[in-house]
Amino acid sequence: MRRPHSAPILLALFLLVAQSCAQTPTPARRDVVIGLVGEPASVFADDPNARIIAAAVTEQLVRRDAHDDYVARLARQVPTIENGGLLIVTDDPLSPDGRLIATFELRPDLVWQDGAPLTAADVRFAWDTDRAAPLGSEARWQADRVERVDVLDDSRVRFVYAANEHWDAYPLAAHALPVHRLATATAAQRAQYDREPVHAGPFAVAAWLPGIGITLSAFKRYALGAPALGRLEIRFYRDRSALLDALRRGEVDVVPAPGLEADLAATLDRFADSAKLQTFYKQSESVEVLRYGARFKDPALRQAIELVIDRRKLTAALFEGRAVVPRTFLVPPGWAAADVGSIPVTDRVRAAAILGTAGYRHGTFGILERGTERFVATIQVASGSIARAQAAALVAGDLATIGIAADVRVLPAEAVRVAVASGSFDLAIGPEDASDPQRATDRYRDGTGGWFDTLALAATSRADRGEKRLLYGELARGWADDRTALPLYQWLQVDVAPRGLTGIDPASDGAPLTWNVCEWRFSPP
């Protein structure tokens, strides 16, 4: 007996099942591979790569976001005058210009990545730790802005800032370290913690394979909610050529700054167009600066150097003109930046005339001389940037046109910092963070001039940002007119990521790309 309607029914059922299968969404990826050039010594090392890892593993009470605004993280809110969390005490006889007092309240039910409660005692412990950090370090500088820290209860801690201190970045002084793990830790245990810390960030260190990479796993009890991604694979590459090849082959998803610098702009633009990648270029609040040692203190010599170093040509050659050439050490988009005019036009004839009038002459092999001083010099260059080393070579070439024979030596960044701090150098090139104008200004105190120190102290004591901005503007103008140092270019931050990875938001204050990694997620395919 025939069943004439069975075939159509079976076909309809088949089509229905096929359609249902076709509409089943493919789950979005939950892992990201990040490529770095080199391997940091620890998560807390003074190294750009370490900071990329630390931003994913650790968390602060308050951070800056991509727009340079303060945002609460472990804290319930940013303490301000408007919400009552910040007070300016004016009746303290030891602080006639007023004293800042900020109360931070922690979010409820905070825990470290080992499940232990995170309390106000951990915040006090972190400040105590920072006070013991080496002089000149960022941790010590921030800790010294604070006179004392009082634990009010498990969730509240009060920061009493130094007398007459009106630090605009006051919320950044508060952070936490796990007292239950570190208070009695031996040196070996502390070193192990620095390599595999238990902190409160969105990801925790699951494994570290020396020479290969690190696996970070999502911390589901993270204060701002479980990350959208489940795992970060961080891989180490010997140099940027190897990293670029890995990116081209699809082995790496994300390359955060400074892995691939802006001198590769043309290559990255062509590569990104064909590889479904996006390249982010952002002017960072950081400046590459040529610093002068004692041999170069003569104003006429500095003026001549400013006229012969062709910084516009330098940025065109290295960055295809993308990098900005500033005239001062405070740069936009920082709130304290001021317009102090454009850089002078390169003029070697005028430079030679200035040097001749000041008594300089060319001696053997055309090397510049004055009296017994012969200007054979060394340019110390902070390592970690191919573009910086290339810029130093161009600077040396320009200096040669007026008879200064400069030998370029790339040294560890810390060695250059120590040399500049001690004054034991001829010329030095390195990056200077300008995101905190007070800290940026302090680098030049006790060495620029009495007027500079007076204005710097006045800016520190002012509570109103408008007044501070005016004072920083005067500081910047005087600094530029006195040729205290020579800004070569504003750091152009370059980050590469897949087009399908959302939430990427590069910040201009020098924060690593992973500052908001908890918000990264892949769009469904």
# chains A, B, ... in the order shown; residues from 1 in each chain; ligands from 1

$ closest_atom_pairs --of "segment 47-158 of chain A" --to "segment 179-198 of chain A" --cutoff "12 Å" --atoms "only C-alpha atoms" --output "JSON lines"
{"residue": "A:Ala50", "atom": "CA", "partner": "A:Arg195", "partner_atom": "CA", "distance": 9.8}
{"residue": "A:Ile53", "atom": "CA", "partner": "A:Arg195", "partner_atom": "CA", "distance": 10.5}
{"residue": "A:Ala54", "atom": "CA", "partner": "A:Pro197", "partner_atom": "CA", "distance": 9.2}
{"residue": "A:Ala56", "atom": "CA", "partner": "A:Pro197", "partner_atom": "CA", "distance": 11.5}
{"residue": "A:Val57", "atom": "CA", "partner": "A:Pro197", "partner_atom": "CA", "distance": 7.9}
{"residue": "A:Thr58", "atom": "CA", "partner": "A:Val198", "partner_atom": "CA", "distance": 8.3}
{"residue": "A:Glu59", "atom": "CA", "partner": "A:Val198", "partner_atom": "CA", "distance": 11.0}
{"residue": "A:Val111", "atom": "CA", "partner": "A:Val198", "partner_atom": "CA", "distance": 10.5}
{"residue": "A:Trp112", "atom": "CA", "partner": "A:Val198", "partner_atom": "CA", "distance": 6.7}
{"residue": "A:Gln113", "atom": "CA", "partner": "A:Val198", "partner_atom": "CA", "distance": 5.6}
{"residue": "A:Asp114", "atom": "CA", "partner": "A:Val198", "partner_atom": "CA", "distance": 6.6}
{"residue": "A:Gly115", "atom": "CA", "partner": "A:Val198", "partner_atom": "CA", "distance": 9.7}
{"residue": "A:Ala116", "atom": "CA", "partner": "A:His180", "partner_atom": "CA", "distance": 8.3}
{"residue": "A:Pro117", "atom": "CA", "partner": "A:His180", "partner_atom": "CA", "distance": 9.6}
{"residue": "A:Leu118", "atom": "CA", "partner": "A:Val179", "partner_atom": "CA", "distance": 9.1}
{"residue": "A:Thr119", "atom": "CA", "partner": "A:Val179", "partner_atom": "CA", "distance": 9.4}
{"residue": "A:Ala120", "atom": "CA", "partner": "A:Val179", "partner_atom": "CA", "distance": 10.3}
{"residue": "A:Ala121", "atom": "CA", "partner": "A:Val179", "partner_atom": "CA", "distance": 7.4}
{"residue": "A:Asp122", "atom": "CA", "partner": "A:Val179", "partner_atom": "CA", "distance": 5.4}
{"residue": "A:Val123", "atom": "CA", "partner": "A:Val179", "partner_atom": "CA", "distance": 8.8}
{"residue": "A:Arg124", "atom": "CA", "partner": "A:Val179", "partner_atom": "CA", "distance": 9.1}
{"residue": "A:Phe125", "atom": "CA", "partner": "A:Val179", "partner_atom": "CA", "distance": 6.3}
{"residue": "A:Ala126", "atom": "CA", "partner": "A:Val179", "partner_atom": "CA", "distance": 8.1}
{"residue": "A:Trp127", "atom": "CA", "partner": "A:Val179", "partner_atom": "CA", "distance": 11.3}
{"residue": "A:Asp128", "atom": "CA", "partner": "A:Ala183", "partner_atom": "CA", "distance": 10.5}
{"residue": "A:Thr129", "atom": "CA", "partner": "A:Ala183", "partner_atom": "CA", "distance": 9.5}

$ select_by_dssp --residues "segment 53-136 of chain A" --states "strand (DSSP E)" --output "PyMOL selection string"
chain A and resi 62-64+70-72+86-89+99-105

$ residues_around --residues "Glu285 of chain A" --least-positions-apart "4" --cutoff "9 Å" --atoms "only C-alpha atoms" --output "count of residues only"
15

$ atom_distance --atom1 "atom CA of Tyr222 of chain A" --atom2 "atom CA of Pro525 of chain A"
27.0 Å

$ atom_distance --atom1 "atom CA of Phe296 of chain A" --atom2 "atom CA of Thr372 of chain A"
14.3 Å

$ select_by_dssp --residues "segment 81-225 of chain A" --states "alpha helix (DSSP H)" --output "PyMOL selection string"
chain A and resi 120-131+138-143+179-182+187-195

$ write_last_selection --atoms "C-alpha atoms" --output "PDB file, in the first residue's frame"
ATOM      1  CA  ALA A 120      41.757  48.057  54.718  1.00  0.00           C
ATOM      2  CA  ALA A 121      44.742  46.487  56.519  1.00  0.00           C
ATOM      3  CA  ASP A 122      46.027  45.356  53.124  1.00  0.00           C
ATOM      4  CA  VAL A 123      45.887  48.966  51.899  1.00  0.00           C
ATOM      5  CA  ARG A 124      47.867  50.206  54.910  1.00  0.00           C
ATOM      6  CA  PHE A 125      50.390  47.397  54.397  1.00  0.00           C
ATOM      7  CA  ALA A 126      50.927  48.433  50.759  1.00  0.00           C
ATOM      8  CA  TRP A 127      51.698  52.008  51.819  1.00  0.00           C
ATOM      9  CA  ASP A 128      54.155  50.772  54.461  1.00  0.00           C
ATOM     10  CA  THR A 129      55.820  48.665  51.758  1.00  0.00           C
ATOM     11  CA  ASP A 130      56.071  51.617  49.355  1.00  0.00           C
ATOM     12  CA  ARG A 131      57.722  53.784  52.026  1.00  0.00           C
ATOM     13  CA  GLU A 138      57.575  55.715  41.505  1.00  0.00           C
ATOM     14  CA  ALA A 139      56.333  53.748  44.520  1.00  0.00           C
ATOM     15  CA  ARG A 140      58.489  55.752  46.926  1.00  0.00           C
ATOM     16  CA  TRP A 141      57.602  59.061  45.274  1.00  0.00           C
ATOM     17  CA  GLN A 142      53.877  58.359  45.714  1.00  0.00           C
ATOM     18  CA  ALA A 143      54.285  57.090  49.279  1.00  0.00           C
ATOM     19  CA  VAL A 179      49.391  41.227  54.211  1.00  0.00           C
ATOM     20  CA  HIS A 180      48.525  37.589  54.989  1.00  0.00           C
ATOM     21  CA  ARG A 181      51.063  36.448  52.369  1.00  0.00           C
ATOM     22  CA  LEU A 182      53.782  39.063  52.542  1.00  0.00           C
ATOM     23  CA  ALA A 187      63.297  37.189  50.638  1.00  0.00           C
ATOM     24  CA  ALA A 188      62.919  33.980  48.635  1.00  0.00           C
ATOM     25  CA  GLN A 189      59.165  33.880  49.228  1.00  0.00           C
ATOM     26  CA  ARG A 190      58.833  37.510  48.223  1.00  0.00           C
ATOM     27  CA  ALA A 191      60.798  36.861  45.019  1.00  0.00           C
ATOM     28  CA  GLN A 192      58.485  33.954  44.242  1.00  0.00           C
ATOM     29  CA  TYR A 193      55.456  36.150  44.923  1.00  0.00           C
ATOM     30  CA  ASP A 194      56.769  38.810  42.545  1.00  0.00           C
ATOM     31  CA  ARG A 195      56.907  36.179  39.811  1.00  0.00           C
TER      32      ARG A 195
END

$ residues_around --residues "Val325 of chain A" --least-positions-apart "5" --cutoff "8 Å" --atoms "only C-alpha atoms" --output "list in words"
Arg311, Arg312, Thr315, Ile343, Pro487, Leu488, Tyr489 and Gln490 of chain A

$ write_last_selection --atoms "N, CA and C atoms" --output "PDB file, in the first residue's frame"
ATOM      1  N   ARG A 311      64.237  67.857  14.325  1.00  0.00           N
ATOM      2  CA  ARG A 311      63.254  66.949  14.928  1.00  0.00           C
ATOM      3  C   ARG A 311      62.084  66.653  13.994  1.00  0.00           C
ATOM      4  N   ARG A 312      61.759  67.601  13.132  1.00  0.00           N
ATOM      5  CA  ARG A 312      60.690  67.336  12.156  1.00  0.00           C
ATOM      6  C   ARG A 312      61.134  66.252  11.168  1.00  0.00           C
ATOM      7  N   THR A 315      61.035  62.775  12.945  1.00  0.00           N
ATOM      8  CA  THR A 315      59.729  62.120  13.037  1.00  0.00           C
ATOM      9  C   THR A 315      59.218  61.689  11.667  1.00  0.00           C
ATOM     10  N   ILE A 343      58.329  74.719  17.814  1.00  0.00           N
ATOM     11  CA  ILE A 343      59.775  74.543  17.890  1.00  0.00           C
ATOM     12  C   ILE A 343      60.428  75.407  16.813  1.00  0.00           C
ATOM     13  N   PRO A 487      63.065  68.169  24.024  1.00  0.00           N
ATOM     14  CA  PRO A 487      62.100  67.121  23.691  1.00  0.00           C
ATOM     15  C   PRO A 487      62.249  66.727  22.218  1.00  0.00           C
ATOM     16  N   LEU A 488      62.456  65.447  21.963  1.00  0.00           N
ATOM     17  CA  LEU A 488      62.648  64.987  20.590  1.00  0.00           C
ATOM     18  C   LEU A 488      61.333  64.655  19.913  1.00  0.00           C
ATOM     19  N   TYR A 489      60.474  63.916  20.590  1.00  0.00           N
ATOM     20  CA  TYR A 489      59.155  63.585  20.051  1.00  0.00           C
ATOM     21  C   TYR A 489      58.272  63.050  21.161  1.00  0.00           C
ATOM     22  N   GLN A 490      56.991  63.217  20.963  1.00  0.00           N
ATOM     23  CA  GLN A 490      56.012  62.656  21.888  1.00  0.00           C
ATOM     24  C   GLN A 490      55.813  61.190  21.536  1.00  0.00           C
TER      25      GLN A 490
END
